[in-house]
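> Below is one structure. I have some questions about it.
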Amino acid sequence: MAASRLTQDILPPDVFDALSPDHIAPVVGWLSHEDCQDTGSVVEAAGGWAGKYRWERSVGAVLRNPSTGLVSLEDVREGWVNVVDMANSEYPESTNQATMDIVGRLQQSLPNQTDPTKPQTVMDAVGFTSEPYYFTYTFKDLILYALGVGVSTTDDNGLRFLYENHEDFSALPTFGVIPAMSGLDGLITGKVPGLEIELMNVLHGEQYMKILRPLPTSARLSNTYKIQDVMDKGTGMVLLVEIETRDENDEVIMINQNSIFVRGSGGFDGPRTSEHVTPVIAAPTRSPDRSLATKTNRDQAALYRLSGDVNPLHIDPSFAAMGGFETPILHGLCSYAIAVRHVIQAFCAGDPTAVKEVKARFSSTVLPGQTVQTNMWLQGDRVVFDCLVKETGKTCLSGGWVRINNNSNSKL
């Protein structure tokens, strides 16, 4: 975009001069240069500024009716909200990639995946694998998450997680639960055969994460979840969900395992245990080697939910009451992240890349404004921990452990 004689009498002189063709000719020259490897792109240039466009596409929705195999006007109407939802948009880099993504989604929706004449049960969910869902983030998302789990500029190493120009700016390892959780809505929207779940009955039971490579400070990650098992606990059921996260080179960088308890959904004569469960570790009976505490903010849940977990249980008093809680509660994964921060501070010399695995059980609720105290015991290459609410003495996280890389700067 450049000024010409056609606009000379319209634009102010300084603006006209700033938009001289002289400012865009070098951009055109570079695009033509043999050293420029960029091709197949749309580049906008004006006044000495240049920027690249890229295609953005919503995840979309398969509109075909599963019973007829056809698409009706009504099917389009019902699915349109997902067609235009750009919340987790993706950026195809080629026509081939865009086409293969669509083919994958269509394959997932084919009606012959299950026998339509056979009644579905919750055990039919075992083995279900989702289509890939994508999560794009920048340094701003890392900073917002860090604030959401209580990091302060007054903390030792706090700027490492709050200032993008810090020499060691890093993602907290627990940020890895955010991209993994971003596509789990399929568990409650009928995408998984045999599952009919009400959001108000869902509680997070346990969380395990394995970090194969530290998270980059900005990325577009692809995630796929698989139902590893379904366990019958009588009063409810437990979904064991494994989420695999891959980077832009299609390399697995993180694995999460969520144990999700669904109240009132038990009694289907399913197994009570599973070989796939990553076990917790009971805390020693001796005094802790280290104890650290963080007082949460009254608006901690309101801040944490901006990272993606927008369950109204954590913000809406009426919804919390429907779930049996007197007031909105803090996200369990927020307490989980606070505990890992304590371990990093106490045993890793502030180095988040030392953390390789984390496991914990959510035992009771924390209210925004309460204090989370983490008691820690060193056992080999693991730090075993429990967390309690200091104001009440109740344990909120139990059986927790963090495996730390002995080759790091940790204090093992």
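Chain labels run A, B, ... following the order of the structure tokens; each chain numbers its residues from 1, and ligands are numbered from 1 in the order shown.
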For A:Val252, work out the shell of residues within 9 Å, counting only C-alpha atoms and skipping chain neighbours fewer than 6 positions away, then give it as JSON, numbers by chain.
{"A": [212, 213, 244, 245, 246]}
> Name all residues at most 8 Å from A:Phe128 (count only C-alpha atoms; drop same-chain ones fewer than 5 positions away) and give them as a list in words.
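Everything that qualifies: Val192, Pro193, Lys226 and Ile227 of chain A.
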> Have a look at atom CA of A:Asp185 and atom CA of A:Ala87 and let me know their distance in Å, one decimal.
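Distance between the two atoms: 12.7 Å.
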> Which value, in Å to one decimal, gives the distance between atom CA of A:Thr327 and atom CA of A:Gly176?
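Computed distance, atom CA of A:Thr327 to atom CA of A:Gly176, equals 27.8 Å.
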> Apply DSSP to the backbone of this structure and, from stretch 14-103 of chain A, keep only the residues in alpha helix (DSSP H); write these as a PyMOL selection string.
chain A and resi 14-18+25-32+73-83+95-103
> Store the residues picked out above, limited to N, CA and C atoms, as a CSV table (one decimal), in the first residue's frame.

```csv
chain,number,residue,atom,x,y,z
A,14,ASP,N,2.5,15.0,5.7
A,14,ASP,CA,3.4,14.0,6.4
A,14,ASP,C,3.0,12.6,6.2
A,15,VAL,N,1.7,12.4,6.1
A,15,VAL,CA,1.2,11.0,5.9
A,15,VAL,C,1.5,10.6,4.5
A,16,PHE,N,1.3,11.5,3.5
A,16,PHE,CA,1.6,11.2,2.1
A,16,PHE,C,3.1,10.8,2.0
A,17,ASP,N,4.0,11.5,2.6
A,17,ASP,CA,5.4,11.2,2.5
A,17,ASP,C,5.7,9.9,3.2
A,18,ALA,N,5.0,9.6,4.3
A,18,ALA,CA,5.3,8.3,5.0
A,18,ALA,C,4.9,7.1,4.3
A,25,ALA,N,9.2,-0.8,-1.7
A,25,ALA,CA,10.0,-1.5,-2.8
A,25,ALA,C,11.0,-2.4,-2.2
A,26,PRO,N,11.7,-2.1,-1.0
A,26,PRO,CA,12.6,-3.1,-0.5
A,26,PRO,C,12.0,-4.4,0.0
A,27,VAL,N,10.7,-4.3,0.4
A,27,VAL,CA,9.9,-5.6,0.8
A,27,VAL,C,9.7,-6.4,-0.5
A,28,VAL,N,9.3,-5.8,-1.5
A,28,VAL,CA,9.2,-6.5,-2.8
A,28,VAL,C,10.5,-7.1,-3.3
A,29,GLY,N,11.5,-6.3,-3.1
A,29,GLY,CA,12.9,-6.8,-3.5
A,29,GLY,C,13.3,-8.0,-2.7
A,30,TRP,N,13.0,-8.0,-1.4
A,30,TRP,CA,13.4,-9.1,-0.5
A,30,TRP,C,12.6,-10.4,-0.9
A,31,LEU,N,11.3,-10.2,-1.2
A,31,LEU,CA,10.5,-11.4,-1.5
A,31,LEU,C,11.0,-12.0,-2.8
A,32,SER,N,11.6,-11.2,-3.7
A,32,SER,CA,12.1,-11.7,-4.9
A,32,SER,C,13.6,-12.3,-4.8
A,73,LEU,N,-31.2,-28.7,6.7
A,73,LEU,CA,-31.1,-27.3,7.1
A,73,LEU,C,-31.1,-27.2,8.6
A,74,GLU,N,-31.9,-28.1,9.3
A,74,GLU,CA,-32.0,-28.1,10.7
A,74,GLU,C,-30.7,-28.5,11.3
A,75,ASP,N,-29.9,-29.5,10.7
A,75,ASP,CA,-28.6,-29.9,11.2
A,75,ASP,C,-27.6,-28.7,11.2
A,76,VAL,N,-27.7,-27.9,10.1
A,76,VAL,CA,-26.8,-26.8,10.0
A,76,VAL,C,-27.2,-25.8,11.1
A,77,ARG,N,-28.5,-25.6,11.3
A,77,ARG,CA,-28.9,-24.6,12.3
A,77,ARG,C,-28.4,-25.0,13.7
A,78,GLU,N,-28.5,-26.3,14.0
A,78,GLU,CA,-28.1,-26.8,15.4
A,78,GLU,C,-26.6,-26.7,15.5
A,79,GLY,N,-25.9,-27.0,14.5
A,79,GLY,CA,-24.4,-27.0,14.6
A,79,GLY,C,-23.7,-25.7,14.3
A,80,TRP,N,-24.5,-24.7,13.9
A,80,TRP,CA,-23.9,-23.4,13.4
A,80,TRP,C,-23.0,-22.8,14.5
A,81,VAL,N,-23.4,-22.9,15.8
A,81,VAL,CA,-22.7,-22.2,16.8
A,81,VAL,C,-21.2,-22.8,16.9
A,82,ASN,N,-21.1,-24.0,16.6
A,82,ASN,CA,-19.7,-24.6,16.5
A,82,ASN,C,-19.0,-24.3,15.2
A,83,VAL,N,-19.7,-24.1,14.2
A,83,VAL,CA,-19.1,-23.8,12.9
A,83,VAL,C,-18.4,-22.4,13.0
A,95,THR,N,-2.8,-26.5,1.9
A,95,THR,CA,-4.1,-27.1,1.5
A,95,THR,C,-4.1,-28.6,1.9
A,96,ASN,N,-3.0,-29.3,1.8
A,96,ASN,CA,-2.9,-30.7,2.2
A,96,ASN,C,-3.3,-30.9,3.6
A,97,GLN,N,-2.7,-30.0,4.5
A,97,GLN,CA,-2.9,-30.1,5.9
A,97,GLN,C,-4.4,-29.9,6.2
A,98,ALA,N,-4.9,-28.8,5.6
A,98,ALA,CA,-6.3,-28.5,5.8
A,98,ALA,C,-7.3,-29.6,5.4
A,99,THR,N,-7.0,-30.3,4.3
A,99,THR,CA,-7.8,-31.4,3.8
A,99,THR,C,-7.7,-32.6,4.7
A,100,MET,N,-6.5,-32.9,5.2
A,100,MET,CA,-6.3,-34.1,6.0
A,100,MET,C,-7.0,-33.9,7.4
A,101,ASP,N,-7.0,-32.6,7.9
A,101,ASP,CA,-7.7,-32.4,9.1
A,101,ASP,C,-9.2,-32.7,9.0
A,102,ILE,N,-9.8,-32.2,7.9
A,102,ILE,CA,-11.2,-32.5,7.6
A,102,ILE,C,-11.5,-34.0,7.5
A,103,VAL,N,-10.6,-34.7,6.7
A,103,VAL,CA,-10.8,-36.1,6.6
A,103,VAL,C,-10.8,-36.8,7.9
```
> What is the atom CA of A:Asn88-atom CA of A:Val43 distance in Å, reported with one decimal?
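Calculated distance between atom CA of A:Asn88 and atom CA of A:Val43 is 24.3 Å.
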> Residues at most 7 Å from A:Ile255, counting only C-alpha atoms, excluding those fewer than 2 positions away in the same chain, as an MDAnalysis selection string?
chainID A and resid 209:211 243:245 257
> The selected residues should be written to file as a compact mmCIF listing (two decimals), in the first residue's frame (atoms: N, CA and C atoms).

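Once everything was written out, this is out16.txt:
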```
# COMPACT_ATOMS: atom_id res chain seq x y z
N MET A 209 0.81 -35.75 35.35
CA MET A 209 1.39 -35.20 34.13
C MET A 209 2.84 -35.64 34.02
N LYS A 210 3.23 -35.95 32.80
CA LYS A 210 4.61 -36.33 32.49
C LYS A 210 5.14 -35.34 31.46
N ILE A 211 6.24 -34.67 31.79
CA ILE A 211 6.79 -33.64 30.94
C ILE A 211 8.01 -34.20 30.21
N ILE A 243 -4.31 -37.63 27.89
CA ILE A 243 -4.19 -36.60 26.85
C ILE A 243 -2.74 -36.50 26.41
N GLU A 244 -2.53 -36.65 25.11
CA GLU A 244 -1.19 -36.56 24.53
C GLU A 244 -1.06 -35.20 23.84
N THR A 245 -0.01 -34.46 24.18
CA THR A 245 0.21 -33.12 23.61
C THR A 245 1.44 -33.14 22.73
N GLN A 257 -2.81 -37.29 32.52
CA GLN A 257 -3.82 -38.31 32.83
C GLN A 257 -4.78 -37.72 33.85
```
> Write out as CSV a residue-level contact list of stretch 166-247 of chain A versus stretch 293-314 of chain A with cut-off 9 Å: for each qualifying residue the closest pair of atoms and the distance in Å to one decimal, counting only C-alpha atoms, rows sorted by chain and residue number upward.

```
residue,atom,partner,partner_atom,distance
A:Ile178,CA,A:Gly308,CA,6.6
A:Pro179,CA,A:Gly308,CA,8.5
A:Met181,CA,A:Asp309,CA,7.8
A:Ser182,CA,A:Gly308,CA,6.7
A:Leu199,CA,A:Asn311,CA,8.1
A:Met200,CA,A:Leu313,CA,7.5
```
> Go ahead and write the selection's residues with N, CA and C atoms as a tab-separated table (two decimals), in the first residue's frame.

```
chain	number	residue	atom	x	y	z
A	178	ILE	N	-3.39	-26.84	30.72
A	178	ILE	CA	-4.33	-25.93	30.05
A	178	ILE	C	-4.61	-26.36	28.60
A	179	PRO	N	-3.59	-26.55	27.75
A	179	PRO	CA	-3.90	-27.05	26.40
A	179	PRO	C	-4.53	-28.42	26.42
A	181	MET	N	-6.59	-29.67	28.66
A	181	MET	CA	-7.99	-29.59	29.09
A	181	MET	C	-8.87	-28.86	28.09
A	182	SER	N	-8.27	-28.13	27.14
A	182	SER	CA	-9.04	-27.22	26.29
A	182	SER	C	-10.05	-27.92	25.40
A	199	LEU	N	-22.54	-31.48	33.71
A	199	LEU	CA	-21.37	-30.78	34.18
A	199	LEU	C	-21.36	-30.60	35.69
A	200	MET	N	-22.52	-30.36	36.30
A	200	MET	CA	-22.56	-30.09	37.74
A	200	MET	C	-22.19	-31.32	38.56
```
> Using only C-alpha atoms, pick whichever of A:Asp229, A:Asp386, A:Glu34, A:Asp381 has the shortest atom-to-atom distance to A:Pro271.
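Of the candidates, the smallest distance to A:Pro271 is held by A:Asp229.
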> My list of candidates is A:Cys36, A:Ala125, A:Ala360, A:Ile143. Which is closest to A:Leu187 when distances are computed with only C-alpha atoms?
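The closest residue to A:Leu187 is A:Ala125.
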> From a backbone DSSP assignment, name each residue in stretch 227-368 of chain A labelled strand (DSSP E), as a PyMOL selection string.
chain A and resi 227-232+236-246+252-263+290-295+355-362
> Counting only C-alpha atoms, figure out which residue out of A:Pro279, A:Gly380, A:Gly127, A:Gly183 gets nearest to A:Leu239.
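The closest residue to A:Leu239 is A:Gly127.
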> Looking at A:Leu203, A:Ala180, A:Val151, A:Ala61, which one is nearest to A:Val84, with distances taken over only C-alpha atoms?
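So, comparing all the options, the nearest one is A:Ala61.
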